[in-house]
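Structure data (compact mmCIF, C-alpha atoms) from protein32.txt:
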```txt
# COMPACT_ATOMS: atom_id res chain seq x y z
CA MET A 666 -29.07 -61.05 -18.30
CA ASN A 667 -29.53 -59.74 -14.79
CA PHE A 668 -29.81 -56.17 -13.66
CA GLU A 669 -26.39 -56.11 -11.98
CA ASP A 670 -24.72 -57.15 -15.24
CA ASP A 671 -26.65 -54.48 -17.12
CA LEU A 672 -25.45 -51.91 -14.61
CA ALA A 673 -21.85 -53.09 -14.88
CA ARG A 674 -22.07 -52.75 -18.67
CA ALA A 675 -23.79 -49.37 -18.49
CA PHE A 676 -21.10 -48.02 -16.20
CA GLU A 677 -18.04 -49.30 -17.97
CA ARG A 678 -15.32 -46.70 -18.15
CA LYS A 679 -15.36 -44.63 -21.32
CA SER A 680 -12.16 -43.72 -23.05
CA ALA A 681 -11.20 -40.09 -22.67
CA PRO A 682 -11.25 -38.23 -26.01
CA ASP A 683 -8.14 -38.50 -28.17
CA GLY A 684 -5.47 -35.97 -27.28
CA PHE A 685 -6.96 -35.32 -23.85
CA ALA A 686 -3.64 -35.45 -21.96
CA ASP A 687 -1.96 -33.19 -24.52
CA ARG A 688 -4.73 -30.63 -24.17
CA VAL A 689 -4.31 -30.59 -20.37
CA LEU A 690 -0.53 -30.27 -20.71
CA SER A 691 -0.88 -27.43 -23.21
CA ARG A 692 -3.03 -25.58 -20.68
CA LEU A 693 -0.23 -25.97 -18.14
CA GLU A 694 2.24 -24.40 -20.52
CA ALA A 695 -0.07 -21.63 -21.65
CA PRO A 696 0.46 -18.23 -20.03
CA PRO A 697 -1.95 -17.57 -17.18
CA ARG A 698 -5.28 -16.49 -18.46
CA GLN A 699 -5.71 -12.73 -18.00
CA THR A 700 -9.29 -12.65 -19.17
CA SER A 701 -10.88 -13.79 -15.96
CA SER A 702 -8.74 -11.44 -13.87
CA LEU A 703 -9.49 -8.55 -16.24
CA LEU A 704 -13.20 -9.37 -16.19
CA ARG A 705 -13.17 -9.45 -12.40
CA ARG A 706 -11.53 -6.01 -12.30
CA ILE A 707 -14.02 -4.59 -14.79
CA ALA A 708 -16.92 -6.06 -12.82
CA ALA A 709 -15.52 -4.62 -9.59
CA ALA A 710 -15.13 -1.19 -11.22
CA ILE A 711 -18.73 -1.32 -12.48
CA VAL A 712 -20.04 -2.29 -9.05
CA LEU A 713 -17.97 0.44 -7.37
CA THR A 714 -19.11 3.07 -9.89
CA ALA A 715 -22.73 2.01 -9.45
CA ALA A 716 -22.41 2.15 -5.65
CA LEU A 717 -20.77 5.60 -5.70
CA GLY A 718 -23.29 6.83 -8.25
CA GLY A 719 -26.13 5.53 -6.13
CA LEU A 720 -24.72 7.18 -3.01
CA THR A 721 -24.24 10.52 -4.79
CA ALA A 722 -27.76 10.40 -6.24
CA HIS A 723 -29.12 9.60 -2.80
CA GLN A 724 -27.27 12.58 -1.30
CA ILE A 725 -28.50 14.94 -4.03
CA ILE A 726 -32.10 13.78 -3.53
CA GLU A 727 -31.76 14.13 0.22
CA HIS A 728 -30.30 17.65 -0.16
CA ARG A 729 -33.16 18.69 -2.46
CA ARG A 730 -35.70 17.29 -0.02
CA ASN A 731 -34.12 19.29 2.81
CA GLU A 732 -34.16 22.48 0.70
CA GLU A 733 -37.79 21.92 -0.23
CA GLY A 734 -38.67 21.31 3.40
CA GLU A 735 -36.90 24.49 4.47
CA ARG A 736 -38.64 26.49 1.74
CA ALA A 737 -42.01 25.11 2.77
CA ARG A 738 -41.30 25.96 6.42
CA ARG A 739 -40.41 29.55 5.47
CA GLN A 740 -43.56 29.89 3.36
CA LEU A 741 -45.67 28.59 6.25
CA MET A 742 -44.09 31.06 8.68
CA THR A 743 -44.72 33.92 6.24
CA ALA A 744 -48.34 32.82 5.83
CA LEU A 745 -48.77 32.68 9.61
CA HIS A 746 -47.26 36.16 10.00
CA ILE A 747 -49.63 37.55 7.36
CA ALA A 748 -52.60 35.80 8.92
CA SER A 749 -51.59 37.07 12.35
CA ALA A 750 -51.22 40.68 11.10
CA LYS A 751 -54.61 40.55 9.40
CA MET A 752 -56.14 39.15 12.56
CA ARG A 753 -54.74 42.08 14.58
CA VAL A 754 -56.11 44.58 12.06
CA ALA A 755 -59.50 42.92 12.27
CA GLN A 756 -59.42 42.91 16.06
CA ARG A 757 -58.59 46.61 16.12
CA ALA A 758 -61.42 47.36 13.70
CA VAL A 759 -63.86 45.47 15.89
CA ALA A 760 -62.59 47.28 19.01
CA HIS A 761 -63.12 50.72 17.34
CA ASP A 762 -66.69 49.81 16.46
CA MET B 1317 -14.52 -55.29 -8.59
CA SER B 1318 -11.49 -53.03 -8.63
CA ALA B 1319 -11.14 -51.25 -11.94
CA ALA B 1320 -7.79 -49.83 -10.96
CA ALA B 1321 -6.11 -53.23 -11.03
CA SER B 1322 -6.05 -53.47 -14.81
CA LEU B 1323 -4.68 -50.02 -15.60
CA PRO B 1324 -2.14 -49.95 -18.44
CA PHE B 1325 0.11 -47.27 -16.90
CA PRO B 1326 0.83 -48.26 -13.30
CA THR B 1327 1.99 -45.15 -11.52
CA ASN B 1328 4.74 -45.50 -8.99
CA ASP B 1329 5.43 -43.03 -6.28
CA ALA B 1330 8.68 -41.97 -7.95
CA ASN B 1331 6.73 -40.85 -11.01
CA LEU B 1332 4.39 -38.97 -8.72
CA ALA B 1333 7.37 -37.25 -7.09
CA ARG B 1334 8.81 -36.29 -10.49
CA ALA B 1335 5.46 -34.83 -11.54
CA ALA B 1336 5.31 -32.88 -8.27
CA GLU B 1337 8.71 -31.39 -9.11
CA GLY B 1338 7.30 -30.02 -12.35
CA ASP B 1339 8.25 -32.83 -14.76
CA HIS B 1340 5.57 -32.53 -17.43
CA ASP B 1341 6.38 -35.91 -18.95
CA ALA B 1342 5.75 -37.55 -15.59
CA PHE B 1343 2.56 -35.56 -15.17
CA GLY B 1344 1.49 -36.61 -18.67
CA MET B 1345 1.88 -40.23 -17.59
CA LEU B 1346 -0.29 -39.57 -14.56
CA ILE B 1347 -2.96 -38.02 -16.75
CA ARG B 1348 -2.93 -40.90 -19.24
CA GLU B 1349 -3.21 -43.41 -16.43
CA HIS B 1350 -6.21 -41.79 -14.80
CA GLN B 1351 -7.93 -39.87 -17.58
CA ASP B 1352 -10.47 -42.60 -18.40
CA MET B 1353 -11.56 -42.84 -14.77
CA VAL B 1354 -11.97 -39.09 -14.33
CA PHE B 1355 -13.60 -38.55 -17.72
CA SER B 1356 -16.00 -41.49 -17.19
CA ILE B 1357 -17.21 -40.29 -13.79
CA ALA B 1358 -17.99 -36.90 -15.29
CA TRP B 1359 -19.50 -38.45 -18.43
CA HIS B 1360 -21.82 -40.76 -16.50
CA PHE B 1361 -22.87 -37.87 -14.32
CA LEU B 1362 -23.46 -35.32 -17.08
CA HIS B 1363 -24.08 -37.48 -20.14
CA ASP B 1364 -22.41 -34.71 -22.11
CA ARG B 1365 -19.04 -35.40 -23.72
CA ASP B 1366 -17.85 -31.80 -23.99
CA ARG B 1367 -18.71 -30.88 -20.44
CA ALA B 1368 -17.26 -34.13 -19.14
CA GLU B 1369 -13.97 -33.28 -20.86
CA GLU B 1370 -14.10 -29.73 -19.49
CA ILE B 1371 -14.54 -31.03 -15.96
CA ALA B 1372 -11.86 -33.70 -16.40
CA GLN B 1373 -9.37 -31.09 -17.66
CA GLU B 1374 -10.13 -28.83 -14.71
CA VAL B 1375 -9.61 -31.75 -12.32
CA PHE B 1376 -6.14 -32.46 -13.73
CA LEU B 1377 -5.21 -28.78 -13.70
CA GLN B 1378 -6.24 -28.66 -10.05
CA LEU B 1379 -4.22 -31.82 -9.47
CA TYR B 1380 -1.13 -30.16 -10.94
CA ARG B 1381 -1.43 -27.34 -8.41
CA THR B 1382 -1.93 -29.84 -5.57
CA LEU B 1383 0.62 -32.51 -6.48
CA GLY B 1384 2.83 -31.68 -3.51
CA GLU B 1385 0.07 -32.82 -1.15
CA ILE B 1386 -0.48 -36.20 -2.82
CA GLU B 1387 1.26 -38.89 -0.81
CA SER B 1388 0.87 -42.03 -2.90
CA ASN B 1389 -0.80 -43.53 -5.93
CA ALA B 1390 -3.70 -44.76 -3.78
CA HIS B 1391 -4.10 -41.26 -2.38
CA LEU B 1392 -4.01 -39.90 -5.93
CA THR B 1393 -6.84 -42.18 -7.07
CA PHE B 1394 -8.91 -41.28 -4.01
CA TRP B 1395 -8.22 -37.55 -4.56
CA LEU B 1396 -9.17 -37.70 -8.24
CA ARG B 1397 -12.46 -39.48 -7.50
CA ARG B 1398 -13.37 -37.03 -4.76
CA VAL B 1399 -12.48 -33.89 -6.69
CA THR B 1400 -14.25 -35.12 -9.81
CA ALA B 1401 -17.37 -35.91 -7.76
CA ASN B 1402 -17.27 -32.47 -6.15
CA ARG B 1403 -16.88 -30.75 -9.49
CA CYS B 1404 -19.80 -32.74 -10.89
CA ILE B 1405 -21.97 -31.62 -7.98
CA ASP B 1406 -20.86 -28.01 -8.48
CA GLU B 1407 -21.75 -28.32 -12.14
CA SER B 1408 -25.20 -29.66 -11.34
CA ARG B 1409 -25.77 -26.80 -8.85
CA ARG B 1410 -24.97 -24.34 -11.59
CA GLY B 1411 -27.66 -26.07 -13.61
CA ARG B 1412 -25.51 -26.27 -16.71
CA TRP B 1413 -25.90 -29.99 -17.29
CA ARG B 1414 -28.36 -31.34 -19.77
CA ILE B 1415 -31.72 -32.10 -18.23
CA VAL B 1416 -33.52 -35.19 -19.48
CA THR B 1417 -37.20 -34.42 -19.55
CA LEU B 1418 -39.74 -36.79 -18.05
CA ASP B 1419 -41.19 -37.54 -21.49
CA GLU B 1420 -37.75 -38.29 -22.91
CA ALA B 1421 -36.90 -40.59 -20.03
CA ASN B 1422 -40.26 -42.32 -20.30
CA ASP B 1423 -39.67 -42.93 -23.99
CA VAL B 1424 -36.36 -44.56 -23.14
CA ALA B 1425 -37.92 -46.67 -20.42
CA ARG B 1426 -40.85 -47.75 -22.59
CA ASP B 1427 -38.47 -49.26 -25.15
CA ALA B 1428 -36.40 -51.11 -22.60
CA ASN B 1429 -36.50 -54.85 -22.10
CA ASP B 1430 -34.10 -57.59 -21.01
CA SER B 1431 -33.05 -58.58 -24.50
CA ASP B 1432 -32.42 -55.04 -25.69
CA PRO B 1433 -28.73 -54.64 -26.53
CA LEU B 1434 -29.03 -50.94 -25.90
CA LEU B 1435 -30.23 -51.40 -22.34
CA ALA B 1436 -26.91 -50.26 -20.93
CA ARG B 1437 -27.16 -47.01 -22.86
CA LYS B 1438 -30.72 -46.52 -21.71
CA LEU B 1439 -29.70 -47.12 -18.12
CA GLY B 1440 -27.13 -44.40 -18.49
CA GLN B 1441 -29.74 -42.01 -19.83
CA LEU B 1442 -32.22 -42.84 -17.07
CA LEU B 1443 -29.51 -42.18 -14.52
CA GLN B 1444 -29.81 -38.49 -15.39
CA ARG B 1445 -33.20 -38.41 -13.68
CA LEU B 1446 -31.72 -39.32 -10.31
CA PRO B 1447 -30.56 -36.74 -7.74
CA ALA B 1448 -26.86 -35.90 -7.93
CA GLN B 1449 -25.74 -37.87 -4.86
CA GLN B 1450 -27.61 -41.02 -5.95
CA ARG B 1451 -26.10 -40.71 -9.41
CA LEU B 1452 -22.59 -40.40 -8.02
CA ALA B 1453 -23.07 -43.27 -5.55
CA ILE B 1454 -24.24 -45.58 -8.36
CA THR B 1455 -21.41 -44.43 -10.64
CA MET B 1456 -18.81 -45.08 -7.95
CA ARG B 1457 -20.37 -48.49 -7.23
CA TYR B 1458 -20.65 -49.78 -10.78
CA GLN B 1459 -17.99 -47.84 -12.68
CA GLU B 1460 -15.30 -47.86 -10.02
CA GLY B 1461 -16.42 -51.01 -8.22
CA LEU B 1462 -16.23 -49.35 -4.82
CA GLU B 1463 -17.79 -50.77 -1.68
CA PRO B 1464 -20.35 -48.59 0.12
CA SER B 1465 -17.83 -47.67 2.83
CA GLU B 1466 -15.34 -46.54 0.15
CA ILE B 1467 -18.07 -44.55 -1.59
CA GLY B 1468 -18.82 -42.86 1.73
CA ALA B 1469 -15.17 -41.87 2.07
CA VAL B 1470 -14.97 -40.49 -1.47
CA LEU B 1471 -18.24 -38.56 -1.28
CA ASP B 1472 -17.69 -37.66 2.38
CA ILE B 1473 -21.08 -38.96 3.50
CA PRO B 1474 -22.05 -41.56 6.15
CA LEU B 1475 -22.25 -45.24 5.23
CA ASN B 1476 -25.99 -45.43 5.88
CA THR B 1477 -26.55 -42.49 3.55
CA VAL B 1478 -24.58 -44.26 0.83
CA LYS B 1479 -26.68 -47.40 1.30
CA SER B 1480 -29.84 -45.32 1.16
CA HIS B 1481 -28.69 -43.56 -2.05
CA LEU B 1482 -27.88 -46.89 -3.67
CA ARG B 1483 -31.15 -48.51 -2.59
CA ARG B 1484 -33.30 -45.61 -3.73
CA GLY B 1485 -31.39 -44.97 -6.93
CA LEU B 1486 -31.35 -48.59 -8.04
CA GLY B 1487 -35.00 -48.97 -7.02
CA ALA B 1488 -35.96 -46.04 -9.22
CA LEU B 1489 -33.96 -47.39 -12.17
CA ARG B 1490 -35.60 -50.82 -11.76
CA GLU B 1491 -39.03 -49.23 -11.62
CA TRP B 1492 -38.48 -47.09 -14.71
CA LEU B 1493 -37.18 -50.09 -16.62
CA GLY B 1494 -39.92 -52.40 -15.32
CA VAL B 1495 -37.32 -54.75 -13.84
CA LYS B 1496 -38.44 -56.96 -10.95
CA SER B 1497 -36.35 -56.83 -7.77
```
Will you turn the file into structure tokens for me?
Amino acid sequence: MNFEDDLARAFERKSAPDGFADRVLSRLEAPPRQTSSLLRRIAAAIVLTAALGGLTAHQIIEHRRNEEGERARRQLMTALHIASAKMRVAQRAVAHD
Amino acid sequence: MSAAASLPFPTNDANLARAAEGDHDAFGMLIREHQDMVFSIAWHFLHDRDRAEEIAQEVFLQLYRTLGEIESNAHLTFWLRRVTANRCIDESRRGRWRIVTLDEANDVARDANDSDPLLARKLGQLLQRLPAQQRLAITMRYQEGLEPSEIGAVLDIPLNTVKSHLRRGLGALREWLGVKS
């Protein structure tokens, strides 16, 4: 037996399973499957919700950061004012002496 | 080596036209005529009966939606081979097909010899180790009896690439089976 014959035997057509054509035809007659469409809509809703949620969270975090920055700036200015006032008092005291 | 010549349900173009107009009986005849070809291509590619049937069903459902574009029975056969091949490649890209491990394939090869009546089955199993395009080229050559130029048309690849796929694929199968060139 040569290799070509072995290949020809190995690749003989197989019979399709019994009832194959009927199963295809029944799928033609079946109402359109809603599942995949419904799943796609659910997936899209989840993605959209996640994106909006992410955006909102990002904005909240950004807002908090800005507030914290502003608070820190005000505290620094206050500290500088206090330090400046104390410096003036000290300078005056030195001048009196 | 044309396998199509001995089909039991010769389709004529009138039947094709009736199917295109929505005649389910005519479409059923088309399916019965070509189901073995489509199922076998998928089966040889995947070596998995259930998935081969799934792919074959999808091919015929796609055909039903495309019937208006099919011009003749020869075009139909060409279209079915091409779409089945494409779906097989898609399936392999999804990685859903059964992978034959190296050890498993080696076990098969170790048992093989020229007098083994199961050699054909073993060849089919070893085929699973080949890359997708080589597997399809060999299937089209030996299942469908296509010439390399016809295989190139079906798989939409150049003739030299087909020849290379066949040479490499068959060489690998020979090597694994210990068959001399």
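Minimum atom-to-atom distance to chain A, evaluated using all atoms listed in the file, belongs to B:Arg1490 out of B:Arg1483, B:Arg1409, B:Arg1397, B:Arg1490.
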Residues of chain A within 10 Å of chain B, all atoms listed in the file counted, as an MDAnalysis selection string = chainID A and resid 666:682 684:690 692:694
Padding 5 Å on each side, edges along x, y and z: where is the centre of the box around the listed atoms of range 682-690 of chain A, and how long are its edges in Å to one decimal? Output it as JSON.
```
{"center_x": -5.9, "center_y": -34.4, "center_z": -24.3, "size_x": 20.7, "size_y": 18.2, "size_z": 17.8}
```
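Coordinates place CA of Gln1450 in chain B at a distance of 5.6 Å from CA of Gly1485 in chain B.
Here CA of Gln1378 in chain B is placed at a distance of 12.4 Å from CA of Ala1336 in chain B.
Our summary of the geometry notes that CA of Leu1396 in chain B is positioned 25.2 Å from CA of Leu1442 in chain B.
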